[in-house]
Amino acid sequence: MSGIPASISRRAVYARRTAVAGGLAALLASLTLNAPAAQAAPPTPPDAATVRTYLAGLKVSAEGTMDGYSRAKFPHWSTQSGQCNTREVVLKRDGENVEQDAKCAAVEGTWFSPYDGATWTDAQDIDIDHIVPLAQAWRSGANTWTTAQRQAFANDLTRPQLIAVTDRVNQAKGDKDPAQWMPPLDSYACTYARMWVTVKHHYGLTVDQAEKNKLTSVLNGC
């Protein structure tokens with residue numbers, strides 16, 4: 001820049017760089033603000049290929065009895081932080097625009113139930129489903145666990161074991177395994193099977209033959 005003092009030249013270059021940086025920052029902020037909201041959901045299970053290897057490794061055994069079973073032997077919902085228990089944490093995680101009161105109860109929000117495709121705006125219409133039901137776990141090996149182990153299972157937020165769904169659909173499921181019940185929405189079958197097997201794999205629970213056959217069929221179609 002012949003004839004232009006070096007100090008002015010440097011200031012001009014700096015100004016241009018600052019303007020470019022500011023423009024990029026504004027663009028990134030705009031993209032962030034306008035990006036679609038993340039889908040609220042439980043932890044994502046491994047892909048179907050991985051889960052098929054999990055299923056192959058599960059012990060096949062006839063289901064045990066309900067002798068000695070009680071939901072009280074699976075203490076829930078545990079306090080997670082402050083006044084928030086596991087149920088309220090899942091309601092917050094799986095919902096959209098969830099507002100909680102001073103006691104952490106969900107008082108406002110929207111919940112989409114992937115089992116049946118229904119959308120709810122009242123938390124009272126939502127159940128927190130144990131993907132592998134407590135009674136099913138009992139019959140599959142949890143009867144030999146300590147109470148602390150069963151409590152960890154019943155409140156597991158790390159594995160895909162808890163999900164917010166329509167209450168009446170959860171009640172229809174009861175303690176059935178996939179050979180006896182699958183989510184009404186066929187489009188959720190693969191995800192449900194992956195979640196089920198992932199949980200049983202992690203906890204070393206058994207599967208009966210009909211259950212394994214159904215899971216194999218579903219996963220082979222994923």
# chains A, B, ... in the order shown; residues from 1 in each chain; ligands from 1
$ select_by_dssp --residues "stretch 73-169 of chain A" --states "strand (DSSP E)" --output "PyMOL selection string"
chain A and resi 79-81+84-85+95-100+106-113+118-120+126-130+162-166
$ residues_around --residues "A:Lys59" --least-positions-apart "5" --cutoff "9 Å" --atoms "only C-alpha atoms" --output "list of chain:residue names"
A:Gly204, A:Leu205, A:Thr206, A:Val207, A:Asp208
$ residues_around --residues "A:Val51" --least-positions-apart "4" --cutoff "10 Å" --atoms "only C-alpha atoms" --output "list of chain:residue names"
A:Pro45, A:Pro46, A:Asp47, A:Leu55, A:Ala56, A:Gly57, A:Ala193, A:Arg194, A:Met195, A:Trp196, A:Val197, A:Thr198, A:His201, A:Leu215, A:Thr216, A:Leu219
$ write_last_selection --atoms "all heavy atoms" --output "short mmCIF file (atom, residue, chain, number, x, y, z; two decimals), in the first residue's frame"
data_model
loop_
_atom_site.label_atom_id
_atom_site.label_comp_id
_atom_site.auth_asym_id
_atom_site.auth_seq_id
_atom_site.Cartn_x
_atom_site.Cartn_y
_atom_site.Cartn_z
N PRO A 45 -30.09 -46.65 22.01
CA PRO A 45 -29.47 -47.97 22.09
C PRO A 45 -28.52 -48.19 20.92
O PRO A 45 -28.57 -47.46 19.92
CB PRO A 45 -30.67 -48.92 22.01
CG PRO A 45 -31.67 -48.16 21.20
CD PRO A 45 -31.50 -46.72 21.60
N PRO A 46 -27.65 -49.18 21.01
CA PRO A 46 -26.75 -49.49 19.90
C PRO A 46 -27.55 -49.87 18.65
O PRO A 46 -28.75 -50.14 18.71
CB PRO A 46 -25.93 -50.68 20.41
CG PRO A 46 -26.00 -50.56 21.90
CD PRO A 46 -27.36 -50.01 22.19
N ASP A 47 -26.85 -49.92 17.50
CA ASP A 47 -27.53 -50.26 16.25
C ASP A 47 -27.96 -51.73 16.24
O ASP A 47 -27.57 -52.53 17.10
CB ASP A 47 -26.64 -49.94 15.05
CG ASP A 47 -25.32 -50.70 15.06
OD1 ASP A 47 -25.28 -51.86 15.50
OD2 ASP A 47 -24.31 -50.14 14.61
N LEU A 55 -28.12 -60.17 21.64
CA LEU A 55 -29.19 -61.16 21.75
C LEU A 55 -28.63 -62.58 21.65
O LEU A 55 -29.04 -63.47 22.40
CB LEU A 55 -30.24 -60.92 20.67
CG LEU A 55 -31.44 -61.88 20.64
CD1 LEU A 55 -32.18 -61.86 21.99
CD2 LEU A 55 -32.39 -61.52 19.51
N ALA A 56 -27.69 -62.77 20.75
CA ALA A 56 -27.10 -64.09 20.59
C ALA A 56 -26.39 -64.55 21.86
O ALA A 56 -26.28 -65.76 22.11
CB ALA A 56 -26.11 -64.08 19.42
N GLY A 57 -25.93 -63.60 22.65
CA GLY A 57 -25.20 -63.94 23.85
C GLY A 57 -26.06 -64.11 25.09
O GLY A 57 -25.55 -64.53 26.15
N ALA A 193 -37.13 -53.04 20.29
CA ALA A 193 -36.36 -54.30 20.40
C ALA A 193 -34.92 -54.02 20.78
O ALA A 193 -34.32 -54.73 21.60
CB ALA A 193 -36.44 -55.07 19.09
N ARG A 194 -34.33 -52.99 20.18
CA ARG A 194 -32.94 -52.63 20.50
C ARG A 194 -32.82 -52.21 21.97
O ARG A 194 -31.85 -52.55 22.65
CB ARG A 194 -32.46 -51.52 19.57
CG ARG A 194 -32.19 -51.98 18.15
CD ARG A 194 -32.17 -50.82 17.16
NE ARG A 194 -31.27 -49.76 17.58
CZ ARG A 194 -31.47 -48.46 17.31
NH1 ARG A 194 -32.54 -48.07 16.63
NH2 ARG A 194 -30.60 -47.56 17.71
N MET A 195 -33.79 -51.46 22.45
CA MET A 195 -33.77 -51.02 23.83
C MET A 195 -33.91 -52.22 24.78
O MET A 195 -33.15 -52.36 25.74
CB MET A 195 -34.91 -50.02 24.08
CG MET A 195 -34.75 -48.70 23.32
SD MET A 195 -36.25 -47.70 23.31
CE MET A 195 -36.19 -46.93 24.91
N TRP A 196 -34.85 -53.09 24.48
CA TRP A 196 -35.13 -54.26 25.32
C TRP A 196 -33.88 -55.14 25.46
O TRP A 196 -33.47 -55.48 26.57
CB TRP A 196 -36.29 -55.06 24.73
CG TRP A 196 -36.69 -56.27 25.52
CD1 TRP A 196 -36.05 -57.48 25.57
CD2 TRP A 196 -37.81 -56.38 26.39
NE1 TRP A 196 -36.70 -58.34 26.40
CE2 TRP A 196 -37.80 -57.69 26.92
CE3 TRP A 196 -38.85 -55.52 26.75
CZ2 TRP A 196 -38.78 -58.15 27.81
CZ3 TRP A 196 -39.83 -55.98 27.65
CH2 TRP A 196 -39.78 -57.28 28.16
N VAL A 197 -33.29 -55.48 24.34
CA VAL A 197 -32.13 -56.36 24.36
C VAL A 197 -30.93 -55.69 25.04
O VAL A 197 -30.18 -56.33 25.78
CB VAL A 197 -31.76 -56.82 22.94
CG1 VAL A 197 -30.47 -57.65 22.95
CG2 VAL A 197 -32.89 -57.64 22.33
N THR A 198 -30.76 -54.39 24.78
CA THR A 198 -29.65 -53.66 25.41
C THR A 198 -29.74 -53.72 26.93
O THR A 198 -28.74 -53.93 27.62
CB THR A 198 -29.63 -52.20 24.93
OG1 THR A 198 -29.40 -52.17 23.52
CG2 THR A 198 -28.55 -51.39 25.63
N HIS A 201 -29.10 -57.31 28.12
CA HIS A 201 -27.67 -57.59 27.96
C HIS A 201 -26.87 -56.97 29.10
O HIS A 201 -26.02 -57.63 29.71
CB HIS A 201 -27.19 -57.04 26.61
CG HIS A 201 -25.70 -56.95 26.47
ND1 HIS A 201 -24.89 -58.03 26.25
CD2 HIS A 201 -24.87 -55.86 26.54
CE1 HIS A 201 -23.63 -57.64 26.17
NE2 HIS A 201 -23.59 -56.33 26.35
N LEU A 215 -37.75 -61.25 19.11
CA LEU A 215 -36.72 -60.22 19.00
C LEU A 215 -35.83 -60.45 17.78
O LEU A 215 -35.45 -59.50 17.08
CB LEU A 215 -35.88 -60.21 20.28
CG LEU A 215 -36.59 -59.69 21.52
CD1 LEU A 215 -35.82 -60.07 22.79
CD2 LEU A 215 -36.75 -58.18 21.44
N THR A 216 -35.51 -61.69 17.51
CA THR A 216 -34.71 -62.02 16.33
C THR A 216 -35.42 -61.59 15.06
O THR A 216 -34.82 -60.98 14.17
CB THR A 216 -34.41 -63.53 16.28
OG1 THR A 216 -33.67 -63.90 17.45
CG2 THR A 216 -33.61 -63.87 15.04
N LEU A 219 -35.42 -57.68 14.85
CA LEU A 219 -34.09 -57.13 14.59
C LEU A 219 -33.58 -57.48 13.20
O LEU A 219 -32.84 -56.70 12.57
CB LEU A 219 -33.10 -57.62 15.65
CG LEU A 219 -33.33 -57.05 17.06
CD1 LEU A 219 -32.49 -57.79 18.08
CD2 LEU A 219 -33.03 -55.56 17.10
#
$ closest_residue --among "A:Ala137, A:Ile126, A:Val60, A:Ala102" --to "A:Gln83" --atoms "only C-alpha atoms"
A:Ala102
$ closest_residue --among "A:Asp116, A:Asp167, A:Asp156, A:Asp101" --to "A:Pro43" --atoms "only C-alpha atoms"
A:Asp156
$ residues_around --residues "stretch 88-96 of chain A" --least-positions-apart "2" --cutoff "8 Å" --atoms "only C-alpha atoms" --output "list in words"
Ala40, Ala41, Pro42, Gln80, Cys84, Asn85, Thr86, Val98, Glu99, Cys104, Ala105, Ala106, Gly109, Thr110, Trp111, Phe112, Ala123, Ile128, Leu162, Ile163 and Ala164 of chain A
$ atom_distance --atom1 "atom CA of A:Asp122" --atom2 "atom CA of A:Ser70"
29.0 Å
$ closest_residue --among "A:Thr44, A:Thr79, A:Gln180, A:Thr191" --to "A:Cys222" --atoms "only C-alpha atoms"
A:Thr191
$ closest_residue --among "A:Met66, A:Val199, A:Leu185, A:Val165" --to "A:Asp127" --atoms "only C-alpha atoms"
A:Val165
$ atom_distance --atom1 "atom CA of A:Asp177" --atom2 "atom CA of A:Thr121"
28.8 Å
$ select_by_dssp --residues "stretch 3-222 of chain A" --states "helix (DSSP H, G or I)" --output "PyMOL selection string"
chain A and resi 6-34+48-57+71-73+86-94+123-125+134-139+142-144+147-154+167-173+186-203+209-220
$ closest_residue --among "A:His202, A:Lys73, A:Lys212, A:Arg52" --to "A:Ala179" --atoms "only C-alpha atoms"
A:Lys212
$ closest_residue --among "A:Gln124, A:Gln171, A:Ser217, A:Ser140" --to "A:Tyr203" --atoms "only C-alpha atoms"
A:Ser140
$ atom_distance --atom1 "atom CA of A:Ser187" --atom2 "atom CA of A:Gly174"
20.7 Å
$ decode --residues "stretch 135-149 of chain A" --atoms "all heavy atoms" --output "short mmCIF file (atom, residue, chain, number, x, y, z; two decimals), in the first residue's frame"
data_model
loop_
_atom_site.label_atom_id
_atom_site.label_comp_id
_atom_site.auth_asym_id
_atom_site.auth_seq_id
_atom_site.Cartn_x
_atom_site.Cartn_y
_atom_site.Cartn_z
N ALA A 135 -41.49 -56.90 36.94
CA ALA A 135 -41.88 -58.30 37.14
C ALA A 135 -41.20 -59.20 36.12
O ALA A 135 -40.85 -60.35 36.42
CB ALA A 135 -43.39 -58.45 37.06
N GLN A 136 -41.02 -58.70 34.90
CA GLN A 136 -40.33 -59.46 33.86
C GLN A 136 -38.86 -59.67 34.26
O GLN A 136 -38.31 -60.76 34.08
CB GLN A 136 -40.44 -58.72 32.54
CG GLN A 136 -39.49 -59.13 31.44
CD GLN A 136 -39.65 -60.57 30.97
OE1 GLN A 136 -38.69 -61.20 30.58
NE2 GLN A 136 -40.88 -61.06 30.99
N ALA A 137 -38.25 -58.63 34.80
CA ALA A 137 -36.87 -58.75 35.26
C ALA A 137 -36.76 -59.76 36.40
O ALA A 137 -35.82 -60.56 36.44
CB ALA A 137 -36.36 -57.38 35.72
N TRP A 138 -37.75 -59.73 37.30
CA TRP A 138 -37.76 -60.69 38.41
C TRP A 138 -37.74 -62.13 37.89
O TRP A 138 -36.98 -62.96 38.38
CB TRP A 138 -38.99 -60.44 39.27
CG TRP A 138 -39.15 -61.38 40.44
CD1 TRP A 138 -39.83 -62.56 40.46
CD2 TRP A 138 -38.62 -61.20 41.76
NE1 TRP A 138 -39.77 -63.14 41.70
CE2 TRP A 138 -39.02 -62.32 42.52
CE3 TRP A 138 -37.86 -60.21 42.36
CZ2 TRP A 138 -38.69 -62.47 43.86
CZ3 TRP A 138 -37.52 -60.36 43.71
CH2 TRP A 138 -37.93 -61.48 44.44
N ARG A 139 -38.56 -62.39 36.90
CA ARG A 139 -38.66 -63.75 36.35
C ARG A 139 -37.46 -64.11 35.47
O ARG A 139 -37.33 -65.26 35.05
CB ARG A 139 -39.95 -63.89 35.54
CG ARG A 139 -41.22 -63.66 36.34
CD ARG A 139 -42.47 -64.12 35.60
NE ARG A 139 -42.67 -63.44 34.34
CZ ARG A 139 -43.36 -62.32 34.20
NH1 ARG A 139 -43.90 -61.73 35.25
NH2 ARG A 139 -43.52 -61.76 33.00
N SER A 140 -36.63 -63.11 35.16
CA SER A 140 -35.49 -63.32 34.26
C SER A 140 -34.14 -63.27 34.98
O SER A 140 -33.10 -63.24 34.32
CB SER A 140 -35.50 -62.25 33.15
OG SER A 140 -36.72 -62.27 32.45
N GLY A 141 -34.19 -63.23 36.31
CA GLY A 141 -32.94 -63.25 37.05
C GLY A 141 -32.80 -62.24 38.17
O GLY A 141 -31.94 -62.40 39.04
N ALA A 142 -33.63 -61.20 38.17
CA ALA A 142 -33.50 -60.16 39.19
C ALA A 142 -33.94 -60.63 40.56
O ALA A 142 -33.68 -59.95 41.57
CB ALA A 142 -34.29 -58.92 38.78
N ASN A 143 -34.59 -61.80 40.63
CA ASN A 143 -34.99 -62.35 41.93
C ASN A 143 -33.76 -62.68 42.80
O ASN A 143 -33.87 -62.78 44.02
CB ASN A 143 -35.85 -63.60 41.75
CG ASN A 143 -35.14 -64.70 40.99
OD1 ASN A 143 -34.49 -64.44 39.97
ND2 ASN A 143 -35.24 -65.93 41.46
N THR A 144 -32.61 -62.83 42.18
CA THR A 144 -31.38 -63.15 42.93
C THR A 144 -30.56 -61.90 43.28
O THR A 144 -29.54 -62.01 43.96
CB THR A 144 -30.49 -64.11 42.11
OG1 THR A 144 -30.01 -63.43 40.93
CG2 THR A 144 -31.25 -65.36 41.72
N TRP A 145 -31.00 -60.74 42.83
CA TRP A 145 -30.25 -59.51 43.07
C TRP A 145 -30.47 -59.01 44.49
O TRP A 145 -31.44 -59.38 45.16
CB TRP A 145 -30.68 -58.41 42.11
CG TRP A 145 -30.40 -58.66 40.67
CD1 TRP A 145 -29.68 -59.67 40.12
CD2 TRP A 145 -30.87 -57.86 39.58
NE1 TRP A 145 -29.66 -59.56 38.76
CE2 TRP A 145 -30.38 -58.45 38.39
CE3 TRP A 145 -31.65 -56.71 39.48
CZ2 TRP A 145 -30.65 -57.92 37.13
CZ3 TRP A 145 -31.92 -56.17 38.24
CH2 TRP A 145 -31.42 -56.78 37.07
N THR A 146 -29.61 -58.09 44.89
CA THR A 146 -29.82 -57.36 46.14
C THR A 146 -30.85 -56.26 45.89
O THR A 146 -31.12 -55.88 44.74
CB THR A 146 -28.52 -56.72 46.64
OG1 THR A 146 -28.10 -55.72 45.69
CG2 THR A 146 -27.41 -57.77 46.80
N THR A 147 -31.39 -55.73 46.96
CA THR A 147 -32.34 -54.63 46.81
C THR A 147 -31.68 -53.43 46.16
O THR A 147 -32.29 -52.74 45.33
CB THR A 147 -32.92 -54.23 48.18
OG1 THR A 147 -33.62 -55.34 48.75
CG2 THR A 147 -33.88 -53.04 48.05
N ALA A 148 -30.42 -53.19 46.47
CA ALA A 148 -29.70 -52.06 45.87
C ALA A 148 -29.56 -52.24 44.37
O ALA A 148 -29.69 -51.28 43.60
CB ALA A 148 -28.31 -51.92 46.51
N GLN A 149 -29.31 -53.47 43.92
CA GLN A 149 -29.21 -53.74 42.48
C GLN A 149 -30.56 -53.53 41.80
O GLN A 149 -30.63 -52.97 40.70
CB GLN A 149 -28.70 -55.16 42.25
CG GLN A 149 -27.25 -55.37 42.59
CD GLN A 149 -26.83 -56.83 42.51
OE1 GLN A 149 -27.52 -57.72 43.01
NE2 GLN A 149 -25.69 -57.08 41.88
#
